$ cat start.pdb   # PDB, C-alpha atoms
ATOM      1  CA  MET A1015     141.775-179.576 -82.619
ATOM      2  CA  SER A1016     138.093-178.912 -83.045
ATOM      3  CA  GLU A1017     135.395-181.510 -83.410
ATOM      4  CA  THR A1018     131.928-181.234 -84.915
ATOM      5  CA  VAL A1019     128.761-181.468 -82.822
ATOM      6  CA  LEU A1020     125.696-182.915 -84.585
ATOM      7  CA  CYS A1021     122.364-182.495 -82.843
ATOM      8  CA  GLU A1022     118.976-183.528 -84.265
ATOM      9  CA  THR A1023     116.241-180.981 -83.556
ATOM     10  CA  LYS A1024     112.455-180.654 -83.702
ATOM     11  CA  PHE A1025     112.758-177.737 -86.174
ATOM     12  CA  THR A1026     110.779-178.404 -89.361
ATOM     13  CA  CYS A1027     110.167-174.975 -90.940
ATOM     14  CA  ALA A1028     113.044-173.070 -92.557
ATOM     15  CA  GLU A1029     111.223-169.719 -92.336
ATOM     16  CA  THR A1030     110.465-170.140 -88.634
ATOM     17  CA  LEU A1031     114.032-171.278 -87.932
ATOM     18  CA  LYS A1032     115.406-168.236 -89.759
ATOM     19  CA  GLU A1033     113.143-165.942 -87.684
ATOM     20  CA  ALA A1034     114.206-167.664 -84.444
ATOM     21  CA  LEU A1035     117.865-167.240 -85.383
ATOM     22  CA  GLY A1036     117.113-163.534 -85.793
ATOM     23  CA  ASP A1037     115.542-163.521 -82.321
ATOM     24  CA  ILE A1038     118.811-164.735 -80.780
ATOM     25  CA  GLY A1039     120.766-162.034 -82.557
ATOM     26  CA  VAL A1040     121.831-163.441 -85.925
ATOM     27  CA  PRO A1041     121.668-160.657 -88.541
ATOM     28  CA  PRO A1042     119.479-161.624 -91.548
ATOM     29  CA  ASP A1043     122.377-161.075 -93.954
ATOM     30  CA  GLN A1044     124.302-163.893 -92.217
ATOM     31  CA  ILE A1045     121.550-166.512 -92.729
ATOM     32  CA  PHE A1046     121.370-168.361 -96.051
ATOM     33  CA  VAL A1047     118.635-170.870 -96.984
ATOM     34  CA  TYR A1048     119.184-173.380 -99.803
ATOM     35  CA  ALA A1049     116.828-175.958-101.326
ATOM     36  CA  GLU A1050     119.849-178.170-102.010
ATOM     37  CA  ALA A1051     122.402-178.602 -99.199
ATOM     38  CA  GLN A1052     125.637-176.617 -99.599
ATOM     39  CA  GLN A1053     129.137-177.265 -98.263
ATOM     40  CA  LEU A1054     129.924-175.694 -94.886
ATOM     41  CA  GLU A1055     133.094-173.626 -94.494
ATOM     42  CA  GLY A1056     135.479-173.628 -91.568
ATOM     43  CA  SER A1057     137.647-176.252 -89.916
ATOM     44  CA  ASP A1058     138.419-179.531 -91.671
ATOM     45  CA  LYS A1059     135.769-181.311 -89.588
ATOM     46  CA  ILE A1060     132.939-178.826 -90.281
ATOM     47  CA  ALA A1061     133.821-178.677 -93.993
ATOM     48  CA  GLN A1062     132.952-182.388 -94.263
ATOM     49  CA  HIS A1063     129.257-181.495 -93.894
ATOM     50  CA  LYS A1064     126.564-179.880 -96.015
ATOM     51  CA  ALA A1065     123.549-177.892 -94.801
ATOM     52  CA  ASN A1066     120.364-176.337 -96.151
ATOM     53  CA  ILE A1067     120.461-173.385 -93.749
ATOM     54  CA  ILE A1068     123.878-171.848 -93.174
ATOM     55  CA  VAL A1069     124.795-169.156 -90.674
ATOM     56  CA  LYS A1070     128.001-167.349 -91.613
ATOM     57  CA  ASN A1071     129.610-167.039 -88.186
ATOM     58  CA  GLY A1072     133.041-165.597 -88.792
ATOM     59  CA  ALA A1073     135.462-168.229 -90.057
ATOM     60  CA  ILE A1074     133.298-171.215 -89.052
ATOM     61  CA  ASP A1075     129.796-171.798 -90.439
ATOM     62  CA  ILE A1076     126.902-173.117 -88.384
ATOM     63  CA  GLY A1077     124.641-175.405 -90.400
ATOM     64  CA  PHE A1078     121.178-176.931 -90.305
ATOM     65  CA  GLU A1079     120.813-179.971 -92.551
ATOM     66  CA  LYS A1080     117.281-180.994 -93.574
ATOM     67  CA  LEU A1081     116.746-184.694 -92.861
ATOM     68  CA  GLU A1082     114.449-187.126 -94.663
ATOM     69  CA  ASN A1083     111.890-186.913 -91.825
ATOM     70  CA  GLY A1084     111.583-183.131 -92.409
ATOM     71  CA  SER A1085     113.454-182.033 -89.282
ATOM     72  CA  TYR A1086     116.832-180.300 -89.178
ATOM     73  CA  LYS A1087     120.130-181.488 -87.745
ATOM     74  CA  THR A1088     122.360-178.780 -86.260
ATOM     75  CA  ILE A1089     126.027-178.869 -87.269
ATOM     76  CA  VAL A1090     128.435-176.784 -85.161
ATOM     77  CA  SER A1091     132.188-176.902 -84.666
ATOM     78  CA  THR A1092     133.342-177.146 -81.050
ATOM     79  CA  ARG A1093     135.487-174.085 -81.812
ATOM     80  CA  GLY A1094     132.273-172.246 -82.715
ATOM     81  CA  ILE A1095     130.483-173.332 -79.539
ATOM     82  CA  TYR A1096     132.629-171.170 -77.342
ATOM     83  CA  ASN A1097     131.694-167.933 -79.035
ATOM     84  CA  GLY A1098     128.353-166.330 -78.189
ATOM     85  CA  LEU A1099     126.407-167.424 -81.247
ATOM     86  CA  GLY A1100     127.524-171.055 -81.341
ATOM     87  CA  LYS A1101     126.683-171.419 -77.665
ATOM     88  CA  ARG A1102     123.236-169.862 -78.133
ATOM     89  CA  VAL A1103     122.439-172.127 -81.093
ATOM     90  CA  LEU A1104     123.410-175.266 -79.177
ATOM     91  CA  SER A1105     122.388-174.121 -75.703
ATOM     92  CA  LYS A1106     119.950-177.019 -75.246
ATOM     93  CA  ALA A1107     122.655-179.560 -75.988
ATOM     94  CA  LEU A1108     125.111-177.735 -73.732
ATOM     95  CA  ASN A1109     123.064-176.741 -70.700
ATOM     96  CA  GLY A1110     119.417-177.625 -71.163
ATOM     97  CA  THR A1111     118.020-174.102 -71.577
ATOM     98  CA  GLY A1112     117.398-174.244 -75.310
ATOM     99  CA  GLU A1113     117.310-170.545 -76.214
ATOM    100  CA  LEU A1114     116.972-171.195 -79.950
ATOM    101  CA  ASP A1115     114.397-173.892 -79.183
ATOM    102  CA  GLN A1116     112.347-171.415 -77.131
ATOM    103  CA  PHE A1117     112.308-168.766 -79.836
ATOM    104  CA  TYR A1118     111.480-171.345 -82.514
ATOM    105  CA  ALA A1119     108.561-172.579 -80.379
ATOM    106  CA  LYS A1120     107.412-168.984 -79.841
ATOM    107  CA  ARG A1121     107.425-168.241 -83.565
ATOM    108  CA  ALA A1122     105.685-171.522 -84.448
ATOM    109  CA  THR A1123     103.028-170.938 -81.761
ATOM    110  CA  LEU A1124     102.307-167.402 -82.953
ATOM    111  CA  LYS A1125     101.938-168.603 -86.552
ATOM    112  CA  ALA A1126      99.581-171.405 -85.506
ATOM    113  CA  ILE A1127      97.437-169.039 -83.410
ATOM    114  CA  GLN A1128      97.172-166.573 -86.296
ATOM    115  CA  LYS A1129      96.512-169.245 -88.938
ATOM    116  CA  ASN A1130      94.055-171.398 -86.999
ATOM    117  CA  TYR A1131      92.209-168.808 -84.944
ATOM    118  CA  GLY A1132      92.911-165.397 -86.460
ATOM    119  CA  HIS A1133      94.020-164.046 -83.079
ATOM    120  CA  GLN A1134      96.571-161.241 -82.935
ATOM    121  CA  LEU A1135      99.620-160.945 -80.700
ATOM    122  CA  LYS A1136      99.027-158.632 -77.732
ATOM    123  CA  SER A1137     102.390-159.070 -76.000
ATOM    124  CA  CYS A1138     105.308-161.435 -75.886
ATOM    125  CA  GLU A1139     107.982-161.209 -73.228
ATOM    126  CA  MET A1140     110.657-163.248 -71.523
ATOM    127  CA  LYS A1141     110.216-163.709 -67.763
ATOM    128  CA  ASN A1142     112.337-165.959 -65.588
ATOM    129  CA  GLY A1143     113.744-167.724 -68.643
ATOM    130  CA  LYS A1144     110.273-168.463 -70.055
ATOM    131  CA  ILE A1145     108.447-166.832 -72.941
ATOM    132  CA  GLN A1146     104.974-165.553 -72.080
ATOM    133  CA  ILE A1147     102.593-164.940 -74.986
ATOM    134  CA  LYS A1148      99.344-162.976 -74.725
ATOM    135  CA  VAL A1149      96.939-162.718 -77.643
ATOM    136  CA  THR A1150      93.885-160.658 -78.429
ATOM    137  CA  VAL A1151      91.015-163.065 -78.997
ATOM    138  CA  THR A1152      88.765-162.250 -81.920
ATOM    139  CA  THR A1153      85.347-163.840 -82.045
ATOM    140  CA  ARG A1154      83.846-164.933 -85.313
TER     141      ARG A1154
END
$ encode --input "start.pdb" --output "C-alpha coordinates"
Amino acid sequence: MSETVLCETKFTCAETLKEALGDIGVPPDQIFVYAEAQQLEGSDKIAQHKANIIVKNGAIDIGFEKLENGSYKTIVSTRGIYNGLGKRVLSKALNGTGELDQFYAKRATLKAIQKNYGHQLKSCEMKNGKIQIKVTVTTR
(Lines of atoms letter the chains of each structure in order from A and count residues from 1; the text may use other names and numbers.)
(Lines give C-alpha, C1' and ligand atoms only; values in the text may rest on other atoms or scores of the structure.)
Protein backbone atom coordinates (compact mmCIF):
# COMPACT_ATOMS: atom_id res chain seq x y z
CA MET A 1 0.00 0.00 0.00
CA SER A 2 1.34 3.41 -0.86
CA GLU A 3 1.57 6.36 1.48
CA THR A 4 1.78 10.06 0.72
CA VAL A 5 4.91 12.12 1.40
CA LEU A 6 4.33 15.80 2.25
CA CYS A 7 7.37 18.06 2.20
CA GLU A 8 7.32 21.84 2.73
CA THR A 9 9.68 23.69 0.38
CA LYS A 10 11.23 27.13 -0.08
CA PHE A 11 9.59 27.45 -3.53
CA THR A 12 7.48 30.61 -3.78
CA CYS A 13 7.13 31.34 -7.52
CA ALA A 14 4.92 29.12 -9.70
CA GLU A 15 6.65 30.23 -12.93
CA THR A 16 10.12 29.48 -11.57
CA LEU A 17 8.97 26.13 -10.19
CA LYS A 18 7.47 25.20 -13.56
CA GLU A 19 10.77 26.10 -15.29
CA ALA A 20 12.77 24.07 -12.75
CA LEU A 21 10.49 21.08 -13.31
CA GLY A 22 11.29 21.42 -17.01
CA ASP A 23 15.00 21.45 -16.16
CA ILE A 24 14.70 18.03 -14.49
CA GLY A 25 12.92 16.61 -17.50
CA VAL A 26 9.20 17.19 -17.00
CA PRO A 27 7.60 18.01 -20.37
CA PRO A 28 5.67 21.33 -20.29
CA ASP A 29 2.46 19.60 -21.37
CA GLN A 30 2.53 17.55 -18.14
CA ILE A 31 2.65 20.60 -15.83
CA PHE A 32 -0.60 22.35 -14.92
CA VAL A 33 -0.83 25.54 -12.82
CA TYR A 34 -4.10 26.52 -11.13
CA ALA A 35 -5.02 29.62 -9.10
CA GLU A 36 -7.40 27.46 -7.07
CA ALA A 37 -6.12 24.08 -5.84
CA GLN A 38 -7.39 21.04 -7.77
CA GLN A 39 -7.85 17.42 -6.69
CA LEU A 40 -4.86 15.14 -7.30
CA GLU A 41 -5.39 11.83 -9.10
CA GLY A 42 -3.84 8.49 -8.26
CA SER A 43 -3.90 6.22 -5.24
CA ASP A 44 -6.51 6.67 -2.51
CA LYS A 45 -3.96 8.48 -0.32
CA ILE A 46 -2.81 10.98 -2.98
CA ALA A 47 -6.40 11.65 -4.08
CA GLN A 48 -7.11 13.05 -0.59
CA HIS A 49 -5.02 16.13 -1.46
CA LYS A 50 -5.37 19.20 -3.65
CA ALA A 51 -2.58 21.17 -5.34
CA ASN A 52 -2.07 24.39 -7.28
CA ILE A 53 0.67 22.93 -9.50
CA ILE A 54 0.07 19.40 -10.73
CA VAL A 55 2.48 17.20 -12.65
CA LYS A 56 0.71 14.43 -14.54
CA ASN A 57 3.10 11.55 -13.90
CA GLY A 58 1.44 8.49 -15.35
CA ALA A 59 -1.29 7.16 -13.08
CA ILE A 60 -0.16 9.12 -9.99
CA ASP A 61 -0.03 12.93 -9.89
CA ILE A 62 2.70 14.91 -8.17
CA GLY A 63 1.38 18.07 -6.55
CA PHE A 64 2.58 21.38 -5.15
CA GLU A 65 0.08 23.03 -2.82
CA LYS A 66 0.45 26.78 -2.20
CA LEU A 67 0.46 27.48 1.54
CA GLU A 68 -0.69 30.61 3.35
CA ASN A 69 2.93 31.76 3.81
CA GLY A 70 3.40 31.76 0.00
CA SER A 71 5.60 28.66 -0.18
CA TYR A 72 4.65 25.32 -1.73
CA LYS A 73 4.24 21.92 -0.12
CA THR A 74 5.21 18.93 -2.28
CA ILE A 75 2.75 16.03 -2.35
CA VAL A 76 4.05 12.72 -3.74
CA SER A 77 2.87 9.14 -3.39
CA THR A 78 5.50 6.67 -2.17
CA ARG A 79 4.61 4.62 -5.26
CA GLY A 80 5.60 7.64 -7.37
CA ILE A 81 8.90 8.13 -5.54
CA TYR A 82 10.40 5.01 -6.99
CA ASN A 83 10.05 6.10 -10.58
CA GLY A 84 12.56 8.57 -12.00
CA LEU A 85 10.46 11.71 -11.80
CA GLY A 86 9.08 11.23 -8.29
CA LYS A 87 12.58 10.56 -7.00
CA ARG A 88 13.98 13.66 -8.72
CA VAL A 89 11.21 15.88 -7.34
CA LEU A 90 11.77 14.66 -3.78
CA SER A 91 15.51 14.03 -4.00
CA LYS A 92 16.29 16.45 -1.15
CA ALA A 93 13.92 14.64 1.18
CA LEU A 94 15.27 11.26 0.08
CA ASN A 95 19.02 11.76 -0.14
CA GLY A 96 19.96 15.37 0.49
CA THR A 97 20.99 16.32 -3.06
CA GLY A 98 17.94 18.40 -3.92
CA GLU A 99 18.02 18.34 -7.73
CA LEU A 100 14.74 20.24 -8.09
CA ASP A 101 15.90 22.63 -5.36
CA GLN A 102 19.13 23.33 -7.27
CA PHE A 103 17.37 24.09 -10.54
CA TYR A 104 14.79 26.27 -8.77
CA ALA A 105 17.62 28.22 -7.11
CA LYS A 106 19.39 28.55 -10.47
CA ARG A 107 16.28 29.94 -12.16
CA ALA A 108 15.51 32.31 -9.28
CA THR A 109 19.12 33.56 -9.21
CA LEU A 110 19.18 34.21 -12.95
CA LYS A 111 15.91 36.16 -12.75
CA ALA A 112 17.19 38.25 -9.84
CA ILE A 113 20.47 39.03 -11.63
CA GLN A 114 18.61 40.09 -14.78
CA LYS A 115 15.97 42.12 -12.91
CA ASN A 116 18.22 43.85 -10.40
CA TYR A 117 21.39 44.35 -12.41
CA GLY A 118 20.54 43.86 -16.07
CA HIS A 119 23.34 41.31 -16.46
CA GLN A 120 23.02 38.56 -19.06
CA LEU A 121 23.75 34.86 -18.67
CA LYS A 122 27.13 33.89 -20.14
CA SER A 123 27.13 30.21 -19.17
CA CYS A 124 25.45 27.84 -16.77
CA GLU A 125 26.70 24.32 -16.22
CA MET A 126 26.61 21.49 -13.73
CA LYS A 127 29.99 20.44 -12.31
CA ASN A 128 30.49 17.95 -9.51
CA GLY A 129 26.81 18.14 -8.57
CA LYS A 130 26.88 21.96 -8.32
CA ILE A 131 25.49 24.55 -10.70
CA GLN A 132 28.00 27.17 -11.81
CA ILE A 133 26.60 30.41 -13.23
CA LYS A 134 28.65 32.98 -15.15
CA VAL A 135 27.17 36.30 -16.23
CA THR A 136 28.24 39.10 -18.51
CA VAL A 137 28.41 42.25 -16.42
CA THR A 138 26.99 45.36 -18.04
CA THR A 139 27.97 48.72 -16.63
CA ARG A 140 25.49 51.54 -16.48
$ residues_around --input "start.pdb" --residues "A:Gly1072" --least-positions-apart "2" --cutoff "10 Å" --atoms "all atoms listed in the file" --output "PyMOL selection string"
chain A and resi 1044+1055-1056+1069-1070+1074-1076+1094
$ atom_distance --input "start.pdb" --atom1 "atom CA of A:Glu1113" --atom2 "atom CA of A:Lys1144"
9.6 Å
$ atom_distance --input "start.pdb" --atom1 "atom CA of A:Lys1064" --atom2 "atom CA of A:Lys1125"
28.7 Å
$ resolve_selection --input "start.pdb" --expression "the PyMOL selection byres ((chain A and resi 1024) around 9)" --output "list in words"
Glu1022, Thr1023, Phe1025, Thr1026, Ser1085, Tyr1086, Lys1087 and Asp1115 of chain A
$ resolve_selection --input "start.pdb" --expression "the PyMOL selection byres ((chain A and resi 1061) around 12)" --output "list in words"
Ser1016, Glu1017, Thr1018, Gln1052, Gln1053, Leu1054, Glu1055, Gly1056, Ser1057, Asp1058, Lys1059, Ile1060, Gln1062, His1063, Lys1064, Ala1065, Ala1073, Ile1074, Asp1075, Ile1076, Gly1077, Ile1089, Val1090 and Ser1091 of chain A
$ resolve_selection --input "start.pdb" --expression "the PyMOL selection byres ((chain A and resi 1038) around 8)" --output "list in words"
Ala1034, Leu1035, Gly1036, Asp1037, Gly1039, Val1040, Arg1102, Glu1113, Leu1114 and Phe1117 of chain A
$ atom_distance --input "start.pdb" --atom1 "atom CA of A:Asn1066" --atom2 "atom CA of A:Ile1045"
10.5 Å
$ residues_around --input "start.pdb" --residues "A:Lys1120" --least-positions-apart "6" --cutoff "9 Å" --atoms "only C-alpha atoms" --output "ChimeraX atom specification"
/A:1034,1138,1145-1147
$ axis_aligned_box --input "start.pdb" --around "stretch 1069-1073 of chain A" --padding-each-side "3 Å" --output "lines of an AutoDock Vina configuration file"
center_x = 130.1
center_y = -167.4
center_z = -89.9
size_x = 16.7
size_y = 9.6
size_z = 9.4
$ closest_residue --input "start.pdb" --among "A:Thr1088, A:Thr1150, A:Lys1080, A:Glu1033" --to "A:Ala1049" --atoms "all atoms listed in the file"
A:Lys1080
$ closest_residue --input "start.pdb" --among "A:Thr1030, A:Lys1141, A:Asn1071, A:Cys1021" --to "A:Ala1126" --atoms "all atoms listed in the file"
A:Thr1030
$ residues_around --input "start.pdb" --residues "A:Val1047" --least-positions-apart "5" --cutoff "8 Å" --atoms "only C-alpha atoms" --output "list in words"
Ala1028, Asn1066, Ile1067 and Ile1068 of chain A
$ closest_residue --input "start.pdb" --among "A:Glu1082, A:Gln1128, A:Leu1031, A:Lys1148" --to "A:Gln1116" --atoms "all atoms listed in the file"
A:Leu1031
